[in-house]
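Asker: Please find model-v4.cif (mmCIF, C-alpha atoms) on the next line:
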```
data_query
loop_
_atom_site.group_PDB
_atom_site.id
_atom_site.type_symbol
_atom_site.label_atom_id
_atom_site.label_comp_id
_atom_site.auth_asym_id
_atom_site.auth_seq_id
_atom_site.Cartn_x
_atom_site.Cartn_y
_atom_site.Cartn_z
ATOM 1 C CA MET W 1 -0.275 12.784 14.889
ATOM 2 C CA HIS W 2 -3.834 13.711 15.816
ATOM 3 C CA ARG W 3 -3.960 15.682 12.587
ATOM 4 C CA TYR W 4 -4.432 12.307 10.878
ATOM 5 C CA ALA W 5 -6.777 10.961 13.532
ATOM 6 C CA ASN W 6 -9.766 12.554 11.853
ATOM 7 C CA PRO W 7 -11.561 9.812 9.869
ATOM 8 C CA THR W 8 -12.710 12.300 7.213
ATOM 9 C CA ARG W 9 -9.131 13.407 6.609
ATOM 10 C CA PHE W 10 -8.022 9.783 6.617
ATOM 11 C CA MET W 11 -10.643 8.918 3.984
ATOM 12 C CA ARG W 12 -9.397 11.728 1.756
ATOM 13 C CA LEU W 13 -5.705 10.866 2.252
ATOM 14 C CA SER W 14 -6.156 7.094 1.895
ATOM 15 C CA GLY W 15 -8.323 7.610 -1.197
ATOM 16 C CA ALA W 16 -5.433 9.489 -2.790
ATOM 17 C CA ILE W 17 -2.742 6.956 -1.784
ATOM 18 C CA LEU W 18 -4.699 3.760 -2.463
ATOM 19 C CA PRO W 19 -4.664 3.631 -6.304
ATOM 20 C CA TRP W 20 -0.909 4.310 -6.354
ATOM 21 C CA SER W 21 -0.036 1.682 -3.759
ATOM 22 C CA ALA W 22 -2.288 -0.866 -5.472
ATOM 23 C CA ALA W 23 -0.746 -0.160 -8.886
ATOM 24 C CA ALA W 24 2.787 -0.244 -7.464
ATOM 25 C CA ALA W 25 1.999 -3.537 -5.698
ATOM 26 C CA GLY W 26 0.747 -5.039 -8.981
ATOM 27 C CA LEU W 27 3.831 -3.905 -10.905
ATOM 28 C CA CYS W 28 6.275 -5.126 -8.246
ATOM 29 C CA LEU W 29 4.433 -8.437 -7.964
ATOM 30 C CA ALA W 30 4.641 -8.961 -11.730
ATOM 31 C CA ALA W 31 8.350 -8.056 -11.742
ATOM 32 C CA GLY W 32 9.003 -10.200 -8.684
ATOM 33 C CA LEU W 33 7.234 -13.243 -10.141
ATOM 34 C CA TYR W 34 9.097 -12.848 -13.424
ATOM 35 C CA LEU W 35 12.446 -12.627 -11.634
ATOM 36 C CA SER W 36 11.604 -15.511 -9.259
ATOM 37 C CA LEU W 37 10.319 -17.934 -11.896
ATOM 38 C CA PHE W 38 12.315 -17.085 -15.028
ATOM 39 C CA VAL W 39 15.451 -15.115 -14.192
ATOM 40 C CA ALA W 40 16.775 -16.509 -10.915
ATOM 41 C CA PRO W 41 19.001 -19.564 -11.408
ATOM 42 C CA PRO W 42 18.326 -22.869 -9.647
ATOM 43 C CA ASP W 43 20.299 -23.247 -6.436
ATOM 44 C CA TYR W 44 23.289 -25.607 -6.458
ATOM 45 C CA GLN W 45 21.869 -27.469 -3.445
ATOM 46 C CA GLN W 46 18.154 -26.773 -3.443
ATOM 47 C CA GLY W 47 17.659 -26.969 -7.212
ATOM 48 C CA GLU W 48 14.414 -25.415 -8.391
ATOM 49 C CA THR W 49 12.838 -25.538 -4.919
ATOM 50 C CA VAL W 50 14.756 -22.346 -4.177
ATOM 51 C CA ARG W 51 11.940 -20.580 -6.043
ATOM 52 C CA ILE W 52 9.648 -21.365 -3.118
ATOM 53 C CA MET W 53 11.950 -19.200 -0.995
ATOM 54 C CA PHE W 54 11.031 -16.093 -3.009
ATOM 55 C CA ILE W 55 7.528 -16.385 -1.547
ATOM 56 C CA HIS W 56 8.314 -18.042 1.763
ATOM 57 C CA VAL W 57 10.907 -15.574 3.074
ATOM 58 C CA PRO W 58 9.047 -12.320 2.190
ATOM 59 C CA ALA W 59 5.831 -13.843 3.626
ATOM 60 C CA ALA W 60 7.707 -14.638 6.852
ATOM 61 C CA TRP W 61 9.044 -11.079 7.018
ATOM 62 C CA MET W 62 5.529 -9.731 6.501
ATOM 63 C CA ALA W 63 4.142 -12.025 9.197
ATOM 64 C CA LEU W 64 6.509 -10.400 11.723
ATOM 65 C CA PHE W 65 6.272 -6.883 10.299
ATOM 66 C CA VAL W 66 2.446 -6.846 10.303
ATOM 67 C CA TYR W 67 2.334 -8.134 13.866
ATOM 68 C CA ALA W 68 4.813 -5.469 14.998
ATOM 69 C CA GLY W 69 2.666 -2.818 13.312
ATOM 70 C CA MET W 70 -0.446 -4.258 14.929
ATOM 71 C CA ALA W 71 1.225 -4.102 18.347
ATOM 72 C CA VAL W 72 2.270 -0.460 17.821
ATOM 73 C CA ALA W 73 -1.283 0.443 16.737
ATOM 74 C CA SER W 74 -2.641 -1.379 19.788
ATOM 75 C CA ALA W 75 -0.319 0.551 22.111
ATOM 76 C CA VAL W 76 -1.346 3.842 20.487
ATOM 77 C CA ALA W 77 -5.014 2.854 20.835
ATOM 78 C CA LEU W 78 -4.610 2.000 24.519
ATOM 79 C CA ILE W 79 -2.503 5.021 25.491
ATOM 80 C CA TRP W 80 -3.846 7.867 23.346
ATOM 81 C CA ARG W 81 -7.293 6.514 22.417
ATOM 82 C CA HIS W 82 -6.411 7.336 18.843
ATOM 83 C CA PRO W 83 -9.665 6.676 16.922
ATOM 84 C CA LEU W 84 -7.952 5.140 13.895
ATOM 85 C CA ALA W 85 -5.440 3.008 15.805
ATOM 86 C CA ASP W 86 -8.037 0.413 16.860
ATOM 87 C CA ILE W 87 -9.266 0.167 13.281
ATOM 88 C CA ALA W 88 -5.695 -0.168 11.965
ATOM 89 C CA ALA W 89 -4.891 -2.985 14.404
ATOM 90 C CA CYS W 90 -8.142 -4.870 13.747
ATOM 91 C CA GLU W 91 -7.784 -4.618 9.972
ATOM 92 C CA ALA W 92 -4.077 -5.531 9.917
ATOM 93 C CA ALA W 93 -4.729 -8.841 11.701
ATOM 94 C CA PRO W 94 -6.409 -10.781 8.844
ATOM 95 C CA ILE W 95 -3.664 -9.627 6.443
ATOM 96 C CA GLY W 96 -0.979 -10.750 8.878
ATOM 97 C CA ALA W 97 -2.739 -14.083 9.321
ATOM 98 C CA ALA W 98 -2.832 -14.532 5.528
ATOM 99 C CA PHE W 99 0.921 -13.887 5.203
ATOM 100 C CA THR W 100 1.648 -16.242 8.117
ATOM 101 C CA LEU W 101 -0.455 -18.976 6.503
ATOM 102 C CA VAL W 102 1.412 -18.521 3.211
ATOM 103 C CA CYS W 103 4.716 -18.691 5.118
ATOM 104 C CA LEU W 104 3.742 -21.925 6.916
ATOM 105 C CA VAL W 105 2.351 -23.712 3.847
ATOM 106 C CA THR W 106 5.179 -22.741 1.483
ATOM 107 C CA GLY W 107 7.707 -23.665 4.170
ATOM 108 C CA SER W 108 6.098 -27.067 4.490
ATOM 109 C CA LEU W 109 6.139 -27.550 0.705
ATOM 110 C CA TRP W 110 9.840 -26.696 0.696
ATOM 111 C CA GLY W 111 10.614 -28.822 3.745
ATOM 112 C CA LYS W 112 9.272 -32.057 2.244
ATOM 113 C CA PRO W 113 11.774 -32.331 -0.640
ATOM 114 C CA MET W 114 14.665 -30.566 1.164
ATOM 115 C CA TRP W 115 14.441 -31.747 4.782
ATOM 116 C CA GLY W 116 12.454 -34.880 4.065
ATOM 117 C CA THR W 117 9.525 -33.854 6.241
ATOM 118 C CA TRP W 118 6.457 -31.621 5.965
ATOM 119 C CA TRP W 119 6.705 -30.481 9.551
ATOM 120 C CA VAL W 120 8.903 -30.749 12.629
ATOM 121 C CA TRP W 121 8.374 -29.202 16.040
ATOM 122 C CA ASP W 122 11.472 -27.106 15.479
ATOM 123 C CA ALA W 123 11.700 -23.871 17.493
ATOM 124 C CA ARG W 124 11.250 -21.620 14.448
ATOM 125 C CA LEU W 125 8.340 -23.558 12.983
ATOM 126 C CA THR W 126 6.578 -23.845 16.312
ATOM 127 C CA SER W 127 6.952 -20.156 17.175
ATOM 128 C CA VAL W 128 5.595 -19.126 13.742
ATOM 129 C CA LEU W 129 2.644 -21.481 14.257
ATOM 130 C CA VAL W 130 2.074 -19.731 17.610
ATOM 131 C CA LEU W 131 2.128 -16.399 15.743
ATOM 132 C CA PHE W 132 -0.571 -17.708 13.389
ATOM 133 C CA PHE W 133 -2.728 -18.708 16.364
ATOM 134 C CA LEU W 134 -2.090 -15.306 17.968
ATOM 135 C CA TYR W 135 -3.537 -13.639 14.868
ATOM 136 C CA LEU W 136 -6.564 -15.964 14.919
ATOM 137 C CA GLY W 137 -7.030 -15.587 18.682
ATOM 138 C CA TYR W 138 -6.820 -11.808 18.364
ATOM 139 C CA LEU W 139 -9.509 -11.800 15.658
ATOM 140 C CA ALA W 140 -11.760 -14.121 17.667
ATOM 141 C CA LEU W 141 -11.358 -11.957 20.784
ATOM 142 C CA VAL W 142 -11.986 -8.634 19.009
ATOM 143 C CA HIS W 143 -15.216 -9.920 17.479
ATOM 144 C CA ALA W 144 -16.421 -11.692 20.628
ATOM 145 C CA PHE W 145 -17.830 -8.487 22.175
ATOM 146 C CA ASP W 146 -21.084 -6.765 21.274
ATOM 147 C CA ASP W 147 -19.438 -3.431 21.986
ATOM 148 C CA PRO W 148 -16.669 -2.949 19.375
ATOM 149 C CA THR W 149 -14.763 -0.564 21.675
ATOM 150 C CA ARG W 150 -14.449 -3.204 24.398
ATOM 151 C CA GLY W 151 -13.497 -5.844 21.839
ATOM 152 C CA ALA W 152 -10.766 -3.593 20.448
ATOM 153 C CA ARG W 153 -9.460 -2.904 23.958
ATOM 154 C CA ALA W 154 -9.267 -6.600 24.862
ATOM 155 C CA GLY W 155 -7.623 -7.336 21.495
ATOM 156 C CA ALA W 156 -5.072 -4.558 22.004
ATOM 157 C CA ILE W 157 -3.965 -6.097 25.313
ATOM 158 C CA LEU W 158 -3.658 -9.549 23.725
ATOM 159 C CA ALA W 159 -1.684 -8.088 20.800
ATOM 160 C CA LEU W 160 0.758 -6.414 23.207
ATOM 161 C CA VAL W 161 1.211 -9.558 25.289
ATOM 162 C CA GLY W 162 1.863 -11.521 22.085
ATOM 163 C CA VAL W 163 4.778 -9.234 21.185
ATOM 164 C CA VAL W 164 6.980 -11.478 23.357
ATOM 165 C CA ASN W 165 6.708 -14.047 20.541
ATOM 166 C CA LEU W 166 8.430 -11.793 17.982
ATOM 167 C CA PRO W 167 11.991 -11.943 19.431
ATOM 168 C CA ILE W 168 11.438 -15.666 20.063
ATOM 169 C CA ILE W 169 10.727 -16.163 16.350
ATOM 170 C CA LYS W 170 13.595 -13.908 15.287
ATOM 171 C CA PHE W 171 16.239 -15.509 17.481
ATOM 172 C CA SER W 172 14.842 -19.047 17.598
ATOM 173 C CA VAL W 173 17.283 -20.148 14.892
ATOM 174 C CA ASP W 174 20.218 -18.890 16.969
ATOM 175 C CA TRP W 175 19.047 -19.965 20.432
ATOM 176 C CA TRP W 176 18.015 -23.490 19.536
ATOM 177 C CA ASN W 177 20.120 -25.397 17.083
ATOM 178 C CA THR W 178 17.296 -27.328 15.448
ATOM 179 C CA LEU W 179 16.339 -27.867 11.834
ATOM 180 C CA HIS W 180 15.507 -24.422 10.472
ATOM 181 C CA GLN W 181 18.576 -22.660 9.057
ATOM 182 C CA PRO W 182 19.632 -19.216 10.371
ATOM 183 C CA ALA W 183 19.039 -15.982 8.474
ATOM 184 C CA SER W 184 20.920 -15.482 5.210
ATOM 185 C CA ILE W 185 20.275 -11.764 5.127
ATOM 186 C CA THR W 186 21.423 -9.593 7.999
ATOM 187 C CA LYS W 187 21.421 -5.855 8.389
ATOM 188 C CA PHE W 188 25.107 -5.868 9.234
ATOM 189 C CA GLY W 189 27.577 -7.441 6.883
ATOM 190 C CA LYS W 190 27.239 -8.834 3.413
ATOM 191 C CA PRO W 191 24.260 -11.089 2.725
ATOM 192 C CA SER W 192 25.389 -14.640 2.131
ATOM 193 C CA ILE W 193 23.288 -15.101 -0.982
ATOM 194 C CA ASP W 194 24.096 -14.205 -4.565
ATOM 195 C CA PRO W 195 22.589 -11.022 -6.100
ATOM 196 C CA SER W 196 20.818 -13.175 -8.729
ATOM 197 C CA MET W 197 18.700 -14.541 -5.878
ATOM 198 C CA LEU W 198 18.833 -11.554 -3.543
ATOM 199 C CA VAL W 199 17.217 -9.199 -6.093
ATOM 200 C CA PRO W 200 14.072 -11.327 -6.710
ATOM 201 C CA LEU W 201 13.761 -11.834 -2.958
ATOM 202 C CA LEU W 202 13.869 -8.104 -2.260
ATOM 203 C CA VAL W 203 11.508 -7.249 -5.141
ATOM 204 C CA MET W 204 8.993 -9.765 -3.784
ATOM 205 C CA ALA W 205 9.420 -8.293 -0.295
ATOM 206 C CA VAL W 206 8.676 -4.799 -1.640
ATOM 207 C CA ALA W 207 5.672 -6.181 -3.561
ATOM 208 C CA PHE W 208 4.269 -7.854 -0.435
ATOM 209 C CA THR W 209 4.787 -4.657 1.586
ATOM 210 C CA LEU W 210 2.942 -2.572 -1.027
ATOM 211 C CA LEU W 211 0.166 -5.181 -1.179
ATOM 212 C CA TYR W 212 -0.106 -4.947 2.599
ATOM 213 C CA VAL W 213 -0.375 -1.142 2.464
ATOM 214 C CA ALA W 214 -3.079 -1.290 -0.221
ATOM 215 C CA LEU W 215 -5.060 -4.005 1.596
ATOM 216 C CA LEU W 216 -4.788 -2.207 4.939
ATOM 217 C CA LEU W 217 -6.074 1.046 3.404
ATOM 218 C CA VAL W 218 -9.038 -0.684 1.688
ATOM 219 C CA ARG W 219 -9.957 -2.536 4.869
ATOM 220 C CA MET W 220 -9.601 0.564 7.083
ATOM 221 C CA ARG W 221 -11.797 2.541 4.693
ATOM 222 C CA ALA W 222 -14.382 -0.242 4.799
ATOM 223 C CA ALA W 223 -14.238 -0.276 8.619
ATOM 224 C CA ILE W 224 -14.740 3.495 8.827
ATOM 225 C CA ILE W 225 -17.768 3.262 6.510
ATOM 226 C CA GLU W 226 -19.015 0.387 8.655
ATOM 227 C CA ARG W 227 -18.893 2.635 11.743
ATOM 228 C CA LYS W 228 -20.703 5.367 9.860
ATOM 229 C CA LEU W 229 -23.357 2.832 8.805
ATOM 230 C CA ARG W 230 -23.791 1.719 12.397
ATOM 231 C CA ALA W 231 -24.258 5.345 13.484
ATOM 232 C CA LEU W 232 -26.740 5.933 10.645
ATOM 233 C CA ARG W 233 -28.760 2.820 11.506
ATOM 234 C CA PHE W 234 -28.676 3.739 15.190
ATOM 235 C CA GLY W 235 -29.837 7.246 14.323
ATOM 236 C CA ALA W 236 -32.612 5.866 12.097
ATOM 237 C CA ALA W 237 -33.733 3.453 14.818
ATOM 238 C CA ALA W 238 -33.760 6.295 17.367
ATOM 239 C CA ALA W 239 -35.791 8.470 14.968
ATOM 240 C CA VAL W 240 -38.383 5.721 14.482
ATOM 241 C CA GLU W 241 -38.636 5.349 18.243
ATOM 242 C CA ILE W 242 -39.179 9.103 18.657
ATOM 243 C CA ASP W 243 -41.716 9.083 15.796
ATOM 244 C CA SER W 244 -43.870 6.508 17.548
ATOM 245 C CA PHE W 245 -44.096 8.865 20.544
ATOM 246 C CA ALA W 246 -44.530 12.024 18.473
ATOM 247 C CA ALA W 247 -47.910 13.722 18.264
ATOM 248 C CA PRO W 248 -49.815 12.640 15.126
ATOM 249 C CA GLY W 249 -49.722 15.083 12.236
ATOM 250 C CA ARG W 250 -46.309 16.500 13.107
ATOM 251 C CA PRO W 251 -43.601 15.738 10.569
ATOM 252 C CA ALA W 252 -40.898 13.527 11.963
ATOM 253 C CA ALA W 253 -37.465 15.065 12.232
ATOM 254 C CA PRO W 254 -35.036 13.548 9.731
ATOM 255 C CA ALA W 255 -32.476 11.230 11.210
ATOM 256 C CA ARG W 256 -29.416 13.212 12.164
ATOM 257 C CA PRO W 257 -26.573 10.751 12.248
ATOM 258 C CA ALA W 258 -23.504 11.632 14.231
ATOM 259 C CA SER W 259 -20.678 11.173 11.773
ATOM 260 C CA MET J 1 7.902 -27.005 -26.594
ATOM 261 C CA SER J 2 10.437 -28.867 -24.498
ATOM 262 C CA THR J 3 11.493 -25.626 -22.819
ATOM 263 C CA VAL J 4 7.908 -25.102 -21.653
ATOM 264 C CA SER J 5 7.644 -28.614 -20.261
ATOM 265 C CA ASP J 6 11.119 -28.257 -18.706
ATOM 266 C CA PHE J 7 9.951 -25.080 -17.062
ATOM 267 C CA LEU J 8 6.755 -26.735 -15.794
ATOM 268 C CA ALA J 9 8.730 -29.730 -14.522
ATOM 269 C CA MET J 10 10.785 -27.445 -12.242
ATOM 270 C CA GLY J 11 13.710 -29.874 -12.241
ATOM 271 C CA GLY J 12 11.494 -32.623 -10.811
ATOM 272 C CA TYR J 13 10.140 -30.432 -8.013
ATOM 273 C CA ALA J 14 6.943 -29.375 -9.797
ATOM 274 C CA ALA J 15 4.828 -31.057 -7.112
ATOM 275 C CA PHE J 16 6.249 -28.652 -4.523
ATOM 276 C CA VAL J 17 7.020 -25.422 -6.386
ATOM 277 C CA TRP J 18 3.649 -24.981 -8.126
ATOM 278 C CA PRO J 19 1.479 -25.743 -5.089
ATOM 279 C CA ALA J 20 3.551 -23.192 -3.134
ATOM 280 C CA TYR J 21 2.858 -20.491 -5.732
ATOM 281 C CA GLY J 22 -0.755 -21.671 -6.010
ATOM 282 C CA VAL J 23 -1.391 -21.442 -2.269
ATOM 283 C CA ALA J 24 0.177 -17.981 -2.125
ATOM 284 C CA ALA J 25 -1.993 -16.856 -5.058
ATOM 285 C CA ILE J 26 -5.174 -18.273 -3.512
ATOM 286 C CA VAL J 27 -4.566 -16.895 -0.005
ATOM 287 C CA LEU J 28 -3.327 -13.427 -1.020
ATOM 288 C CA GLY J 29 -5.766 -13.187 -3.947
ATOM 289 C CA GLY J 30 -8.568 -14.331 -1.669
ATOM 290 C CA ILE J 31 -7.956 -11.687 0.973
ATOM 291 C CA THR J 32 -7.653 -9.039 -1.758
ATOM 292 C CA VAL J 33 -11.013 -10.010 -3.299
ATOM 293 C CA GLN J 34 -12.651 -10.231 0.142
ATOM 294 C CA SER J 35 -11.314 -6.776 1.134
ATOM 295 C CA VAL J 36 -12.437 -5.083 -2.105
ATOM 296 C CA LEU J 37 -15.900 -6.725 -2.119
ATOM 297 C CA GLY J 38 -16.408 -5.842 1.557
ATOM 298 C CA TYR J 39 -15.487 -2.241 0.858
ATOM 299 C CA ARG J 40 -17.799 -1.993 -2.156
ATOM 300 C CA ALA J 41 -20.768 -3.516 -0.340
ATOM 301 C CA ARG J 42 -20.438 -1.020 2.530
ATOM 302 C CA ARG J 43 -19.907 1.877 0.156
ATOM 303 C CA ARG J 44 -23.131 0.954 -1.700
ATOM 304 C CA GLU J 45 -25.019 0.562 1.559
ATOM 305 C CA LEU J 46 -23.850 3.983 2.759
ATOM 306 C CA ASP J 47 -24.858 5.641 -0.528
ATOM 307 C CA ARG J 48 -28.261 3.960 -0.312
ATOM 308 C CA LEU J 49 -28.866 5.053 3.294
ATOM 309 C CA GLN J 50 -27.716 8.598 2.630
ATOM 310 C CA ALA J 51 -29.954 8.852 -0.442
ATOM 311 C CA ALA J 52 -32.862 7.480 1.635
ATOM 312 C CA SER J 53 -32.331 9.992 4.444
ATOM 313 C CA GLY J 54 -33.318 12.902 2.180
ATOM 314 C CA GLY J 55 -30.069 13.370 0.345
ATOM 315 C CA GLU J 56 -29.216 16.520 2.282
ATOM 316 C CA ARG J 57 -25.934 14.931 3.216
ATOM 317 C CA ARG J 58 -23.617 14.839 0.278
ATOM 318 C CA ARG J 59 -20.944 12.250 -0.248
ATOM 319 C CA ARG J 60 -17.834 13.751 1.184
ATOM 320 C CA GLN J 61 -15.158 11.712 -0.472
#
```
For this file, write the structure as structure tokens.

Answerer:
Amino acid sequence: MHRYANPTRFMRLSGAILPWSAAAAGLCLAAGLYLSLFVAPPDYQQGETVRIMFIHVPAAWMALFVYAGMAVASAVALIWRHPLADIAACEAAPIGAAFTLVCLVTGSLWGKPMWGTWWVWDARLTSVLVLFFLYLGYLALVHAFDDPTRGARAGAILALVGVVNLPIIKFSVDWWNTLHQPASITKFGKPSIDPSMLVPLLVMAVAFTLLYVALLLVRMRAAIIERKLRALRFGAAAAVEIDSFAAPGRPAAPARPAS
Amino acid sequence: MSTVSDFLAMGGYAAFVWPAYGVAAIVLGGITVQSVLGYRARRRELDRLQAASGGERRRRQ
């Protein structure tokens, strides 16, 4: 695994993967939107509001999936001090928060016509709202320290503690018999929805996953450059400080940034 | 033309379906734009600093 820990190697590898994942995300998104809006039939109970589900459900999956990935990256960062794991966790968080926000808002827009209410303090809704605040709290904590390493460490611990919320979200619909309906798609057994709706749902889920990969790579690349910039500026500042003490007439040594 | 307006009406649920797609587009589009712009700004800054520091360090990727 440490083969890929080298930021230079990561930059090369991610630079090669990024255009493909971005293009694939765009294609899948176009196909998914076409299937969701034009091909899928209206539901016999939900009518046309079922089309909201093609965004809501994949966004909810991503909200959980991104958090799980963030927690794994945090564990790797804490245990092995993997130099890219901190960056991966920090950069995944805003993407996860975005998917969670989409999930909450689209769910609310579906709930009004179908349940008759924008919001209830149902177990599922409440635990997803907690997940959203976990993402925001994580981001606030990571950026609250002057030293990015300490911020990342504190964030990693918070991310790991927050993992307890994932099974609560997953099983909330089974443990508490409140408003939100249980899962229609399970790993075991036949999904209880028709292929005409299952296919758009899965295409959108693939599109969101590819979008996540592309966004994570762009953001991680930006974060690595940011670290390099910080080192360069630090090196330049140190060089200026040395210059002011250097004997006049001697050429100043060029800044030698540690990459 | 009626098929277009039928489509836009979303069986009477236009007020819920279109905002849902709109919010998703704004949030996911927004984070995409923010990520790409942030990357480009840092990339430019790095190129500028490396050019300023004598240019002995080549861009490596």

Asker: Using the chain letters and numbering of this document, enumerate as a ChimeraX atom specification the residues selected by the PyMOL selection byres ((chain J) within 6 of (chain W)).

Answerer: /J:10-11,16-17,20,24,35,39

Asker: Residues near stretch 168-185 of chain W, anyone? I mean within 7 Å using all atoms listed in the file, not counting same-chain ones fewer than 3 positions away, as a list in words.

Answerer: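 Those residues are Asp122, Ala123, Arg124, Ser127, Val128, Val164, Asn165, Pro191, Ser192 and Ile193 of chain W.
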
Asker: Selection from above, C-alpha atoms, as an mmCIF file, keeping the file's coordinate frame, can you write it?

Answerer:
```cif
data_model
loop_
_atom_site.group_PDB
_atom_site.id
_atom_site.type_symbol
_atom_site.label_atom_id
_atom_site.label_comp_id
_atom_site.auth_asym_id
_atom_site.auth_seq_id
_atom_site.Cartn_x
_atom_site.Cartn_y
_atom_site.Cartn_z
ATOM 1 C CA ASP W 122 11.472 -27.106 15.479
ATOM 2 C CA ALA W 123 11.700 -23.871 17.493
ATOM 3 C CA ARG W 124 11.250 -21.620 14.448
ATOM 4 C CA SER W 127 6.952 -20.156 17.175
ATOM 5 C CA VAL W 128 5.595 -19.126 13.742
ATOM 6 C CA VAL W 164 6.980 -11.478 23.357
ATOM 7 C CA ASN W 165 6.708 -14.047 20.541
ATOM 8 C CA PRO W 191 24.260 -11.089 2.725
ATOM 9 C CA SER W 192 25.389 -14.640 2.131
ATOM 10 C CA ILE W 193 23.288 -15.101 -0.982
#
```

Asker: Is it possible to get the residues within 12 Å of (8.4, -2.7, 9.4) (coordinates as in the file, counting all atoms listed in the file) written as a list in words?

Answerer: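 These residues have at least one counted atom within 12 Å: Trp61, Met62, Ala63, Leu64, Phe65, Val66, Tyr67, Ala68, Gly69, Met70, Ala71, Val72, Ala205, Val206, Phe208, Thr209, Leu210, Tyr212 and Val213 of chain W.
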
Asker: What is the distance, in Å and to one decimal place, between atom CA of J:Gln34 and atom CA of W:Ala92?

Answerer: 13.8 Å

Asker: Apply the PyMOL selection byres ((chain W and resi 195-201) around 6) to the file shown and report the selected residues as a list in words.

Answerer: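 Residues picked by the PyMOL selection byres ((chain W and resi 195-201) around 6): Gly32, Leu35, Ser36, Ala40, Phe54, Asp194, Leu202, Val203 and Met204 of chain W.
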